[in-house]
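Only one structure is covered here, and it is reproduced in the block below.
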Amino acid sequence: MKAEVEAASKLDRQLLLHLYRTLLLTRAVEDRVISLYRQGRIVGGVYNEYGMEAISVGVGAAMGPEDVIAPSHRDLGAILQRGITPREIMSQWLGKLTSPTRARDGNVHIGKLEAGVLAFVSHMGASTPQAVGAALAFKLRGERRVAVASFGDGAANTGYIHESMNLAAVRRLPVVFVCNNNQFAYSTPLHKQLAIRDIADRSAAYGFPGQVVDGNDVVAVYLAAREAIERAREGGGPSLIECKTMRMHGHSEADRAEYVPKELLEEWKGKDPILRMAGRLREAGHLDDKVQAELDAEVRAVVDDAVDHAEQAPAPQGPELLDDVYATPL
Amino acid sequence: MKAEVEAASKLDRQLLLHLYRTLLLTRAVEDRVISLYRQGRIVGGVYNEYGMEAISVGVGAAMGPEDVIAPSHRDLGAILQRGITPREIMSQWLGKLTSPTRARDGNVHIGKLEAGVLAFVSHMGASTPQAVGAALAFKLRGERRVAVASFGDGAANTGYIHESMNLAAVRRLPVVFVCNNNQFAYSTPLHKQLAIRDIADRSAAYGFPGQVVDGNDVVAVYLAAREAIERAREGGGPSLIECKTMRMHGHSEADRAEYVPKELLEEWKGKDPILRMAGRLREAGHLDDKVQAELDAEVRAVVDDAVDHAEQAPAPQGPELLDDVYATPL
Amino acid sequence: MPRLLYLEAIRRALREEMRRDPSVFLIGEDIGVYGGAFKVTAGLVEEFGEERVIDSPLSEAGYTGACAGAAFMGLRPVCEFQFADFSSVAFDAIINIMAKSYWRWGAPCPVTLRMPYGGGFSGGPFHSQCPETWYAQQNGLKVVAPATPYDAKGLLKAAIRDDDPVVYFEHKFLYRRIRGEVPDDDYTVPIGKARVAREGGDLSLITYGATLHTCLEAAETLAAEGVDAEVLDLRTLKPLDRSAILATVEKTGKAVVVYEPPLTMGPGAEVASVIAEDGFEYLDGPVMRVGAKDSPGVPFAPPLERFYLPGVDDVLAACRKLAAY
Amino acid sequence: MPRLLYLEAIRRALREEMRRDPSVFLIGEDIGVYGGAFKVTAGLVEEFGEERVIDSPLSEAGYTGACAGAAFMGLRPVCEFQFADFSSVAFDAIINIMAKSYWRWGAPCPVTLRMPYGGGFSGGPFHSQCPETWYAQQNGLKVVAPATPYDAKGLLKAAIRDDDPVVYFEHKFLYRRIRGEVPDDDYTVPIGKARVAREGGDLSLITYGATLHTCLEAAETLAAEGVDAEVLDLRTLKPLDRSAILATVEKTGKAVVVYEPPLTMGPGAEVASVIAEDGFEYLDGPVMRVGAKDSPGVPFAPPLERFYLPGVDDVLAACRKLAAY
Ligand SMILES: Cc1ncc(C[n+]2csc(CCOP(=O)(O)OP(=O)(O)O)c2C)c(N)n1
Ligand SMILES: Cc1ncc(C[n+]2csc(CCOP(=O)(O)OP(=O)(O)O)c2C)c(N)n1
Ligand SMILES: [Mg+2]
Ligand SMILES: [Mg+2]
């Protein structure tokens, strides 16, 4: 805790409270989606980043306004900071026309060009070359923008990731690779997925820096991401950050995850990123019961509004399906 | 030269002469194919391993009779040692029915199950998972056999290689990855292909050993391959050998390779693997003018016979194309 | 005879073939302890162990390519894609390594590629696709798509025993929705043979997979309207059973081809072409097709997906038009 | 007006578009100093520099996916495959990332995918394929296949300016074999519009790409035999110009669809199906198809490849049969 407090103290109160508030909002959206799911009001399956929120919150906070992210399916915390609203997110879960994908796609497949969020493609690894391509565009045009590619420990083993990292390295592109290592890929534990300890070490295979970060420490993630993003922005090329964490829910909410050892969950429960950040803020005098209550109320109001909005939003009829198929109609 | 002579002295005369003879035969086949090509008698394009023969000869010699190789397009020296005859090889170049692919495929796309040679697929990287799968079969059946996967410095950057190496590592399969780094992938020099010095270092990304070998030293290649193959055979899992060499001809014989710096070629001409091996054998007293002349004559006779055979072999008519489309006909 | 779910029939086939032949093994993601995303392989790792029920790393191109190598060494891999959609990253391995090997260099490649496919459950654009066309266009492959539990078991056993790469399309929507009689014995359904699922004389509905059930339902409604539809279940998409297709058209003179992929360039285009060329003289009307809407993806929200998928009403509309021709 | 090789027309289009629009860049293997395996891009890196003519590492899936990302940021990548065959490893990036993006989340993906394709030069199974079917079945893509130097330039310029992903099939056999008039000016050929390449009243040959020339040659022979064939050059395979197809069949009553991929499930199956459904009443005979032989691969040796490819004789045989119908 000592080192954490010290690292945190380098950041100003406003930023720390922003991180904390975003953690709370992310968790609140997740909690609400899960309860709606249990009520049968969600369309399709539910995926979340329960217990892993520090990663996407920390990374999202470190990004500049013009930067771009190709998120994984567990990156709500980043998406929320890029101007995609809780209303849009809830509309997406409910399959409404007001969602960024206009009900054509669902759940975590959110993208919006103006927000710098490239819509997630289910195929593991397939989002990463898109971030590399965005970085290529930034470099070609001489823009000081950075692309972030986020993916899991399972996705790390796809050919896409290898080709993307190598291409980024050869052309020294401004891209930051963030691997959220949550110890499972669906039911598959790490040791069946790869035979090394740290995925961060793979950066050496391409010739750029890699580092391991405590993925449940939002400040540590933020600081590592900020450094990597700034390096990239200054022409220092790509880097890889591996955030160690644990997937606390099933792969989806339909998955009871009986394959996960109980003790492992117990152990990681104690590392919950939100409780940790709260403790730290209290220690530093930035948080007390009153502020906490205000934040809770604020976050609840935002989520309530988002759900109301989404529930009242129009659902598709059917024939809209064939509108806007081509960007250049014939 | 000292270290080389010492390494060589660990091998017996018969093995050394086998390596040398195979180098000569490989070069002789290449030379003949090139001259036939210039005469317009070859069907399609011509690819060879001119100046790189030590790699495939060394690797092929280290393999056991039951082992399997998924060769690259520059692995004639290995193929020749696996019971695919010069006659078959020449038939392949001339598009005759006596070729292993019965004129359906050509040039370096040679494969034969009984010989443990998996036919090369043009798509760079695509041969490698096949070797991994063969190794998987060996392990599943408890056989003491090893699979060798061979590929170039360009192919190393395909997703197939990443996925193959990782899968082999996770399941500790008996497979040896051999990368022939000849400094070019078609016209693309190494620094546009990857941003690290040694491809061998990539083995650390998967958790198995990797080493760099002088790819123009047939004894060094042989010893490294033998060690890696025996380790795999004993259950020690995969490893990677990077053989540093230089492509001395164009990508194909139609490529004048003007993009290759003249000095680079000059430098590597002095490292010709055949001349080097000859010098070493002479130094050790295994080779003199008489033996050299005998070997030359022997090799020439084999190649003459192969070309005669191939020229007289039947060409396809056309309709055979549709024979044997399915292994289980309907 | 036990009445099994479509999904159970698939599991039976796997278990029986693995017991029969030690060279059969399974590879895919989460197929071991977890039993697969749809629980098709539940219980198999317990019986056959981790060497024969392999949880692969997330690497479809790699493990599909590895299946080819294992098959060349004489094994019979059953390669599972968690969703057929994800086989797009293994497309090269299937069409270039597997499909061409026997023809090209005489190496049989007895791999069964299990493809859970199809829509109807709000899976969205990347979990609902019908990639039959990707594979049915590639010679050297065999492509099957059972519509009933009986065929699901019999075709899977035939696929595993076949010495060629067989792409086996199992429809996710049918997994737990269709129950049928499945003998306990060791039977196979021949690859390449269609089946008349309903006899009729007025027009022919030619289909496969989940839309077989759509067609059978439509046929009942048509019967009430006095139109007697024959329903042909293709069962195999490659090679097509041309003689069965031509026979039903000869009988009825009218054909509607029904399939779940988007209409344009769907697998039924080949069926319609065969009829238009070799069955032309039998025809009493246009060869009609009913497929999904021509959208770039299968949509997520239920109203969109209902609009997208070919339904009983779409089949009825085509049949009524054709019957009145 | 200069008479250019097909290949030169492509290069002109690239150069003109790169001069016109700084957001156009090229990426592929060996396209810079080397000028590409076929020298199509020769001279371009000298003019536009290494940031706009990018020699990629050997990673088709990666750089194709990267093209999508660059396109989302507003660039117009022209993505070269050294041979169309190799796009099989980028299949996922094309059909799942690119084809669905605008429809799915409103992000235009203006990528041009250059596909040197086709056989006829002993390239063997992995350097001669015609993968039109892989892409023409995917909605959201546009697919073009010019047969003349004029169209090669005009369609490439149209493709680069189009805000959708366009798969551009350039036939390798035509590169240096076909010369034709190509205006120096800035013109485009509209995507989605077929062209009557030869007027005729007795039957319609419907084709595209290299087989246009086969059909034109066959039409001359037929003319001498008193059969007046119309030849329709589709130019675009997705979306098909249905009205042009139906118009020529309405005119002649007889159709032969000719294409270079294997017959079964080839792109002409869709053409034949359109005719069999919407042109049925015009038909005076079966809708015939001529394609390559149904072999798993394009064979290497010349006698096999001659047997494999659809030739003038094959087209003539079909036409004579149909004309006599
Ligand atoms: C190419 C591909 N194969 C399979 C899947 C099915 N699938 C979805 S998520 C997942 C596991 C992903 O694991 P990881 O990358 O570690 O991410 P996590 O879910 O743990 O965040 C799998 C196998 C997929 N989406 N894409
Ligand atoms: C997937 C794929 N893309 C492109 C090519 C075309 N191509 C053939 S060989 C080659 C270069 C291969 O370089 P490397 O792997 O270093 O092998 P080398 O030829 O140097 O031995 C290329 C680009 C191919 N065969 N496969
Ligand atoms: Mg994970
Ligand atoms: Mg090389």
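As shown in the structure tokens, the chain order sets the letters A, B, ...; within each chain, residues go from 1, and ligands are also counted from 1 in the order they appear.
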
(request) May I have the residues within 8 Å of ligand 1, computed using only C-alpha atoms and all ligand atoms, as a PyMOL selection string? (result) (chain A and resi 49+72-74+122-126+151-156+158+180-188+247+251) or (chain C and resi 29-30+58-60+81-83+86-87+89)

Give chain D as a short mmCIF file (atom, residue, chain, number, x, y, z; two decimals) with C-alpha atoms, in the first residue's frame once it has been least-squares superposed onto chain C over every C-alpha atom, paired in order.
```cif
data_model
loop_
_atom_site.label_atom_id
_atom_site.label_comp_id
_atom_site.auth_asym_id
_atom_site.auth_seq_id
_atom_site.Cartn_x
_atom_site.Cartn_y
_atom_site.Cartn_z
CA MET D 1 -35.58 -46.00 -30.23
CA PRO D 2 -34.46 -43.05 -28.07
CA ARG D 3 -35.67 -39.62 -29.00
CA LEU D 4 -32.66 -37.36 -28.78
CA LEU D 5 -31.98 -33.69 -29.13
CA TYR D 6 -30.02 -32.72 -32.25
CA LEU D 7 -27.15 -31.77 -29.95
CA GLU D 8 -27.23 -35.11 -28.16
CA ALA D 9 -27.13 -36.92 -31.47
CA ILE D 10 -23.90 -35.07 -32.30
CA ARG D 11 -22.38 -35.95 -28.96
CA ARG D 12 -23.35 -39.61 -29.42
CA ALA D 13 -21.65 -39.71 -32.77
CA LEU D 14 -18.48 -38.23 -31.29
CA ARG D 15 -18.44 -40.65 -28.39
CA GLU D 16 -19.15 -43.70 -30.52
CA GLU D 17 -16.49 -42.81 -33.05
CA MET D 18 -13.91 -42.09 -30.36
CA ARG D 19 -14.63 -45.46 -28.76
CA ARG D 20 -14.47 -47.23 -32.08
CA ASP D 21 -11.29 -45.67 -33.39
CA PRO D 22 -8.37 -44.48 -31.26
CA SER D 23 -7.16 -42.28 -34.08
CA VAL D 24 -10.13 -39.95 -33.63
CA PHE D 25 -9.39 -36.95 -31.41
CA LEU D 26 -11.06 -33.60 -30.77
CA ILE D 27 -9.50 -30.16 -30.70
CA GLY D 28 -11.08 -26.77 -30.17
CA GLU D 29 -11.54 -24.05 -27.61
CA ASP D 30 -13.08 -24.86 -24.25
CA ILE D 31 -14.19 -28.32 -25.37
CA GLY D 32 -12.63 -30.20 -22.46
CA VAL D 33 -13.73 -29.65 -18.87
CA TYR D 34 -16.15 -26.96 -19.97
CA GLY D 35 -17.67 -29.24 -22.60
CA GLY D 36 -17.74 -26.58 -25.29
CA ALA D 37 -19.64 -23.32 -25.58
CA PHE D 38 -22.79 -25.32 -26.30
CA LYS D 39 -21.89 -28.34 -24.16
CA VAL D 40 -21.76 -30.59 -27.19
CA THR D 41 -18.57 -32.27 -25.95
CA ALA D 42 -19.65 -32.46 -22.31
CA GLY D 43 -18.29 -35.60 -20.65
CA LEU D 44 -15.88 -36.52 -23.38
CA VAL D 45 -12.66 -35.37 -21.75
CA GLU D 46 -13.61 -37.39 -18.69
CA GLU D 47 -13.89 -40.50 -20.81
CA PHE D 48 -11.08 -39.98 -23.30
CA GLY D 49 -8.56 -37.78 -21.50
CA GLU D 50 -6.77 -34.56 -22.31
CA GLU D 51 -4.69 -36.00 -25.12
CA ARG D 52 -7.80 -36.81 -27.16
CA VAL D 53 -9.98 -33.88 -26.15
CA ILE D 54 -7.68 -30.94 -26.55
CA ASP D 55 -8.40 -27.43 -25.31
CA SER D 56 -6.47 -25.37 -27.77
CA PRO D 57 -5.07 -21.90 -27.24
CA LEU D 58 -7.08 -19.23 -29.02
CA SER D 59 -5.53 -19.89 -32.43
CA GLU D 60 -7.91 -21.18 -35.05
CA ALA D 61 -5.49 -20.85 -37.97
CA GLY D 62 -2.82 -22.69 -36.02
CA TYR D 63 -4.88 -25.55 -34.73
CA THR D 64 -6.73 -26.04 -37.99
CA GLY D 65 -3.42 -26.22 -39.81
CA ALA D 66 -2.23 -28.63 -37.13
CA CYS D 67 -5.26 -30.82 -37.77
CA ALA D 68 -4.11 -31.17 -41.35
CA GLY D 69 -0.66 -32.27 -40.19
CA ALA D 70 -2.11 -34.75 -37.72
CA ALA D 71 -4.41 -36.11 -40.41
CA PHE D 72 -1.48 -36.61 -42.77
CA MET D 73 0.06 -38.74 -40.03
CA GLY D 74 -3.03 -40.93 -39.99
CA LEU D 75 -5.13 -39.43 -37.22
CA ARG D 76 -8.74 -38.35 -37.66
CA PRO D 77 -9.04 -34.93 -36.05
CA VAL D 78 -12.42 -33.46 -35.32
CA CYS D 79 -11.78 -29.75 -35.29
CA GLU D 80 -14.35 -27.58 -33.52
CA PHE D 81 -14.90 -23.92 -34.15
CA GLN D 82 -16.67 -22.32 -31.24
CA PHE D 83 -18.83 -20.55 -33.78
CA ALA D 84 -18.64 -21.20 -37.51
CA ASP D 85 -18.02 -17.46 -37.90
CA PHE D 86 -14.56 -17.85 -36.42
CA SER D 87 -13.47 -20.25 -39.13
CA SER D 88 -12.83 -17.15 -41.25
CA VAL D 89 -9.37 -16.94 -39.69
CA ALA D 90 -8.75 -20.59 -40.61
CA PHE D 91 -10.12 -20.17 -44.11
CA ASP D 92 -6.72 -20.53 -45.71
CA ALA D 93 -5.88 -23.70 -43.82
CA ILE D 94 -9.14 -25.26 -44.92
CA ILE D 95 -9.19 -24.31 -48.57
CA ASN D 96 -5.49 -24.36 -49.33
CA ILE D 97 -3.95 -26.97 -47.03
CA MET D 98 -6.82 -29.39 -46.59
CA ALA D 99 -8.98 -29.21 -49.69
CA LYS D 100 -6.11 -29.55 -52.12
CA SER D 101 -3.86 -32.11 -50.41
CA TYR D 102 -5.18 -35.40 -51.76
CA TRP D 103 -5.59 -34.08 -55.27
CA ARG D 104 -2.26 -32.27 -55.21
CA TRP D 105 0.12 -34.71 -53.58
CA GLY D 106 -1.91 -37.78 -52.74
CA ALA D 107 -2.11 -37.17 -49.01
CA PRO D 108 -5.55 -37.92 -47.59
CA CYS D 109 -6.68 -35.33 -45.09
CA PRO D 110 -9.45 -36.91 -43.01
CA VAL D 111 -10.41 -33.93 -40.89
CA THR D 112 -13.94 -33.17 -39.75
CA LEU D 113 -14.55 -29.46 -39.28
CA ARG D 114 -17.41 -28.86 -36.87
CA MET D 115 -19.17 -25.59 -37.60
CA PRO D 116 -21.90 -24.43 -35.18
CA TYR D 117 -23.67 -21.97 -37.45
CA GLY D 118 -26.79 -20.00 -38.11
CA GLY D 119 -28.91 -17.31 -36.54
CA GLY D 120 -32.13 -16.82 -34.68
CA PHE D 121 -30.92 -16.07 -31.13
CA SER D 122 -29.70 -12.45 -31.23
CA GLY D 123 -26.11 -13.50 -31.64
CA GLY D 124 -25.33 -10.53 -33.85
CA PRO D 125 -23.10 -10.24 -36.91
CA PHE D 126 -20.20 -12.39 -35.64
CA HIS D 127 -21.99 -15.29 -33.97
CA SER D 128 -24.80 -16.06 -36.40
CA GLN D 129 -23.29 -16.40 -39.83
CA CYS D 130 -23.99 -19.16 -42.32
CA PRO D 131 -20.64 -19.67 -44.02
CA GLU D 132 -21.70 -22.61 -46.17
CA THR D 133 -20.82 -20.66 -49.29
CA TRP D 134 -17.22 -20.15 -48.20
CA TYR D 135 -16.64 -23.86 -48.27
CA ALA D 136 -19.15 -25.19 -50.79
CA GLN D 137 -17.34 -23.25 -53.51
CA GLN D 138 -14.08 -25.10 -52.82
CA ASN D 139 -13.61 -28.36 -54.68
CA GLY D 140 -11.88 -31.08 -52.71
CA LEU D 141 -14.00 -30.40 -49.65
CA LYS D 142 -17.18 -32.20 -48.75
CA VAL D 143 -19.83 -30.10 -47.04
CA VAL D 144 -22.75 -31.51 -45.08
CA ALA D 145 -25.52 -29.84 -43.11
CA PRO D 146 -27.88 -32.16 -41.24
CA ALA D 147 -31.37 -30.96 -40.37
CA THR D 148 -32.49 -33.78 -38.08
CA PRO D 149 -31.04 -35.64 -35.10
CA TYR D 150 -30.94 -38.83 -37.17
CA ASP D 151 -28.88 -37.18 -39.88
CA ALA D 152 -26.79 -35.28 -37.36
CA LYS D 153 -25.49 -38.54 -35.95
CA GLY D 154 -25.28 -40.42 -39.21
CA LEU D 155 -23.58 -37.69 -41.18
CA LEU D 156 -21.08 -36.95 -38.43
CA LYS D 157 -20.05 -40.59 -38.29
CA ALA D 158 -19.77 -40.64 -42.06
CA ALA D 159 -17.71 -37.45 -41.95
CA ILE D 160 -15.27 -38.80 -39.37
CA ARG D 161 -14.75 -42.00 -41.33
CA ASP D 162 -14.36 -40.20 -44.63
CA ASP D 163 -10.80 -39.79 -45.86
CA ASP D 164 -11.48 -36.29 -47.18
CA PRO D 165 -11.88 -33.06 -45.23
CA VAL D 166 -15.56 -32.70 -44.40
CA VAL D 167 -17.09 -29.44 -43.28
CA TYR D 168 -19.92 -30.34 -40.93
CA PHE D 169 -22.50 -27.61 -40.40
CA GLU D 170 -24.48 -28.05 -37.20
CA HIS D 171 -27.22 -25.50 -36.77
CA LYS D 172 -27.14 -23.83 -33.36
CA PHE D 173 -30.82 -23.02 -33.45
CA LEU D 174 -31.63 -26.72 -33.77
CA TYR D 175 -29.35 -27.87 -30.92
CA ARG D 176 -32.04 -28.00 -28.28
CA ARG D 177 -35.14 -27.31 -30.32
CA ILE D 178 -35.35 -30.46 -32.39
CA ARG D 179 -35.79 -33.92 -31.00
CA GLY D 180 -36.02 -37.07 -33.09
CA GLU D 181 -35.48 -40.78 -33.23
CA VAL D 182 -31.84 -41.75 -33.23
CA PRO D 183 -30.92 -45.43 -33.27
CA ASP D 184 -28.38 -46.61 -30.76
CA ASP D 185 -26.66 -48.63 -33.44
CA ASP D 186 -23.76 -47.76 -35.55
CA TYR D 187 -25.22 -46.32 -38.74
CA THR D 188 -23.98 -43.70 -41.15
CA VAL D 189 -25.84 -41.42 -43.52
CA PRO D 190 -24.12 -41.34 -46.90
CA ILE D 191 -22.44 -38.11 -47.87
CA GLY D 192 -23.76 -36.79 -51.16
CA LYS D 193 -27.30 -38.10 -50.93
CA ALA D 194 -30.35 -35.88 -50.53
CA ARG D 195 -33.58 -37.11 -48.96
CA VAL D 196 -37.19 -36.45 -49.81
CA ALA D 197 -38.48 -35.17 -46.48
CA ARG D 198 -42.05 -34.83 -47.71
CA GLU D 199 -43.61 -36.19 -50.86
CA GLY D 200 -45.67 -33.90 -53.01
CA GLY D 201 -46.57 -33.31 -56.60
CA ASP D 202 -47.24 -29.61 -57.14
CA LEU D 203 -43.95 -27.94 -56.44
CA SER D 204 -40.58 -28.67 -54.92
CA LEU D 205 -39.05 -26.95 -51.92
CA ILE D 206 -35.33 -27.63 -51.98
CA THR D 207 -33.46 -26.82 -48.81
CA TYR D 208 -31.20 -28.03 -45.96
CA GLY D 209 -30.44 -27.25 -42.31
CA ALA D 210 -32.77 -25.16 -40.19
CA THR D 211 -34.86 -24.03 -43.13
CA LEU D 212 -35.95 -27.62 -43.69
CA HIS D 213 -38.26 -27.10 -40.75
CA THR D 214 -39.43 -23.78 -42.16
CA CYS D 215 -40.24 -25.53 -45.42
CA LEU D 216 -42.03 -28.43 -43.76
CA GLU D 217 -44.16 -25.97 -41.83
CA ALA D 218 -44.91 -24.03 -44.98
CA ALA D 219 -45.82 -27.27 -46.76
CA GLU D 220 -48.49 -27.99 -44.17
CA THR D 221 -50.08 -24.60 -44.74
CA LEU D 222 -49.87 -25.06 -48.49
CA ALA D 223 -51.51 -28.46 -48.20
CA ALA D 224 -54.44 -26.80 -46.51
CA GLU D 225 -54.57 -24.45 -49.49
CA GLY D 226 -54.58 -27.37 -51.89
CA VAL D 227 -50.96 -27.13 -52.94
CA ASP D 228 -49.04 -30.32 -52.45
CA ALA D 229 -45.39 -29.44 -51.92
CA GLU D 230 -42.52 -31.89 -52.07
CA VAL D 231 -39.65 -31.03 -49.72
CA LEU D 232 -36.14 -32.12 -50.58
CA ASP D 233 -33.53 -32.02 -47.82
CA LEU D 234 -30.19 -31.73 -49.57
CA ARG D 235 -28.19 -32.84 -46.50
CA THR D 236 -24.96 -32.51 -48.48
CA LEU D 237 -24.02 -29.21 -50.12
CA LYS D 238 -20.85 -30.48 -51.73
CA PRO D 239 -21.04 -32.46 -53.82
CA LEU D 240 -24.66 -31.71 -54.58
CA ASP D 241 -27.02 -34.60 -55.25
CA ARG D 242 -27.86 -33.38 -58.74
CA SER D 243 -29.99 -36.37 -59.63
CA ALA D 244 -32.24 -35.92 -56.59
CA ILE D 245 -32.64 -32.24 -57.44
CA LEU D 246 -33.50 -32.99 -61.04
CA ALA D 247 -35.81 -35.83 -60.04
CA THR D 248 -38.00 -33.69 -57.83
CA VAL D 249 -38.18 -30.94 -60.44
CA GLU D 250 -39.06 -33.50 -63.09
CA LYS D 251 -41.87 -34.61 -60.83
CA THR D 252 -43.32 -31.22 -59.92
CA GLY D 253 -42.12 -28.83 -62.64
CA LYS D 254 -41.68 -26.05 -60.12
CA ALA D 255 -38.87 -25.31 -57.73
CA VAL D 256 -38.26 -22.97 -54.82
CA VAL D 257 -34.79 -23.09 -53.32
CA VAL D 258 -34.68 -22.03 -49.68
CA TYR D 259 -31.61 -21.27 -47.57
CA GLU D 260 -30.55 -19.20 -44.59
CA PRO D 261 -27.52 -17.31 -45.94
CA PRO D 262 -28.16 -14.04 -47.76
CA LEU D 263 -29.97 -14.53 -51.05
CA THR D 264 -27.30 -13.28 -53.41
CA MET D 265 -24.57 -15.82 -54.16
CA GLY D 266 -25.93 -18.18 -51.54
CA PRO D 267 -25.55 -21.94 -51.93
CA GLY D 268 -28.98 -22.16 -53.52
CA ALA D 269 -27.65 -20.25 -56.53
CA GLU D 270 -25.90 -23.43 -57.60
CA VAL D 271 -29.06 -25.47 -57.10
CA ALA D 272 -31.05 -23.01 -59.17
CA SER D 273 -28.37 -23.03 -61.86
CA VAL D 274 -28.39 -26.81 -62.09
CA ILE D 275 -32.14 -26.74 -62.52
CA ALA D 276 -32.01 -23.90 -65.06
CA GLU D 277 -29.51 -25.82 -67.16
CA ASP D 278 -30.26 -29.50 -66.78
CA GLY D 279 -33.85 -29.35 -65.60
CA PHE D 280 -35.00 -26.63 -67.97
CA GLU D 281 -37.30 -28.92 -69.90
CA TYR D 282 -39.12 -29.93 -66.74
CA LEU D 283 -39.86 -26.38 -65.70
CA ASP D 284 -43.36 -24.96 -65.63
CA GLY D 285 -42.30 -21.71 -64.05
CA PRO D 286 -39.31 -19.68 -62.87
CA VAL D 287 -36.84 -21.17 -60.44
CA MET D 288 -37.45 -19.16 -57.32
CA ARG D 289 -35.18 -18.57 -54.37
CA VAL D 290 -35.84 -17.57 -50.80
CA GLY D 291 -32.86 -16.55 -48.66
CA ALA D 292 -31.97 -14.07 -45.99
CA LYS D 293 -31.99 -10.38 -46.81
CA ASP D 294 -28.91 -9.04 -48.54
CA SER D 295 -27.44 -7.31 -45.54
CA PRO D 296 -23.71 -7.27 -44.73
CA GLY D 297 -24.34 -9.05 -41.46
CA VAL D 298 -26.87 -10.94 -39.40
CA PRO D 299 -28.43 -8.24 -37.23
CA PHE D 300 -28.59 -8.31 -33.46
CA ALA D 301 -31.98 -6.97 -32.36
CA PRO D 302 -34.91 -9.39 -32.70
CA PRO D 303 -37.08 -7.27 -35.00
CA LEU D 304 -34.18 -6.84 -37.38
CA GLU D 305 -33.24 -10.48 -37.23
CA ARG D 306 -36.83 -11.58 -37.85
CA PHE D 307 -36.92 -9.33 -40.89
CA TYR D 308 -33.55 -10.67 -42.01
CA LEU D 309 -34.12 -14.41 -41.75
CA PRO D 310 -36.18 -16.28 -44.32
CA GLY D 311 -39.40 -17.27 -42.55
CA VAL D 312 -42.43 -19.39 -43.24
CA ASP D 313 -44.20 -16.37 -44.70
CA ASP D 314 -41.42 -15.76 -47.18
CA VAL D 315 -41.54 -19.37 -48.29
CA LEU D 316 -45.31 -19.25 -48.55
CA ALA D 317 -45.27 -16.07 -50.61
CA ALA D 318 -42.86 -17.61 -53.10
CA CYS D 319 -44.79 -20.87 -53.28
CA ARG D 320 -48.13 -19.17 -53.76
CA LYS D 321 -46.74 -17.06 -56.54
CA LEU D 322 -45.18 -20.07 -58.20
CA ALA D 323 -48.19 -22.33 -57.69
CA ALA D 324 -50.34 -19.74 -59.41
CA TYR D 325 -47.93 -19.45 -62.31
#
```

(request) Tell me the residues of chain A close to chain C, meaning within 8 Å using only C-alpha atoms, as JSON, numbers by chain. (result) {"A": [43, 44, 45, 95, 96, 103, 104, 105, 106, 121, 122, 123, 124, 154, 155, 157, 158, 159, 185, 186, 187, 188, 192, 193, 194, 259, 315, 316, 317, 318, 319, 320, 321, 322, 325]}

(request) Run DSSP on the backbone and give me the residues of segment 206-267 of chain A it puts in helix (DSSP H, G or I), as an NGL selection string. (result) :A and (218-233 or 262-267)

(message) When you look at segment 53-69 of chain B with a cut-off of 8 Å (counting only C-alpha atoms), what residues show up, excluding the ones that are within fewer than 2 positions of it in the same chain? I need them as a PyMOL selection string.
(response) chain B and resi 19+22-23+26-27+49-51+71+74-79+81-82+115-118+131+134+145-150+180+215-223+225-226+229+243+273-274

(request) Go ahead and compute the interatomic distance for atom CA of Arg21 of chain B and atom CA of Val302 of chain B, in Å to one decimal. (result) 11.7 Å

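Proximity of A:Leu167, A:Ile241, A:Ala293, A:Ala224 to chain B, computed with only C-alpha atoms, is greatest for A:Leu167.
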
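Take atom CA of Ile196 of chain A and atom CA of Gly207 of chain B: the distance between them is 5.2 Å.
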
(request) Check segment 100-178 of chain A with DSSP on the backbone and list each residue it calls strand (DSSP E), as an NGL selection string. (result) :A and (147-152 or 175-178)

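Note that atom CA of Leu281 of chain A and atom CA of Ser35 of chain A are 28.7 Å apart.
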
(request) Output the contact residues of chain A with respect to chain B at a cut-off of 10 Å, based on only C-alpha atoms, as a ChimeraX atom specification. (result) /A:156-172,190-208

(request) Do a neighbour search on Leu36 of chain A at 12 Å with only C-alpha atoms, toss out local chain neighbours closer than 2 positions, and write the hits as a count of residues only. (result) 22
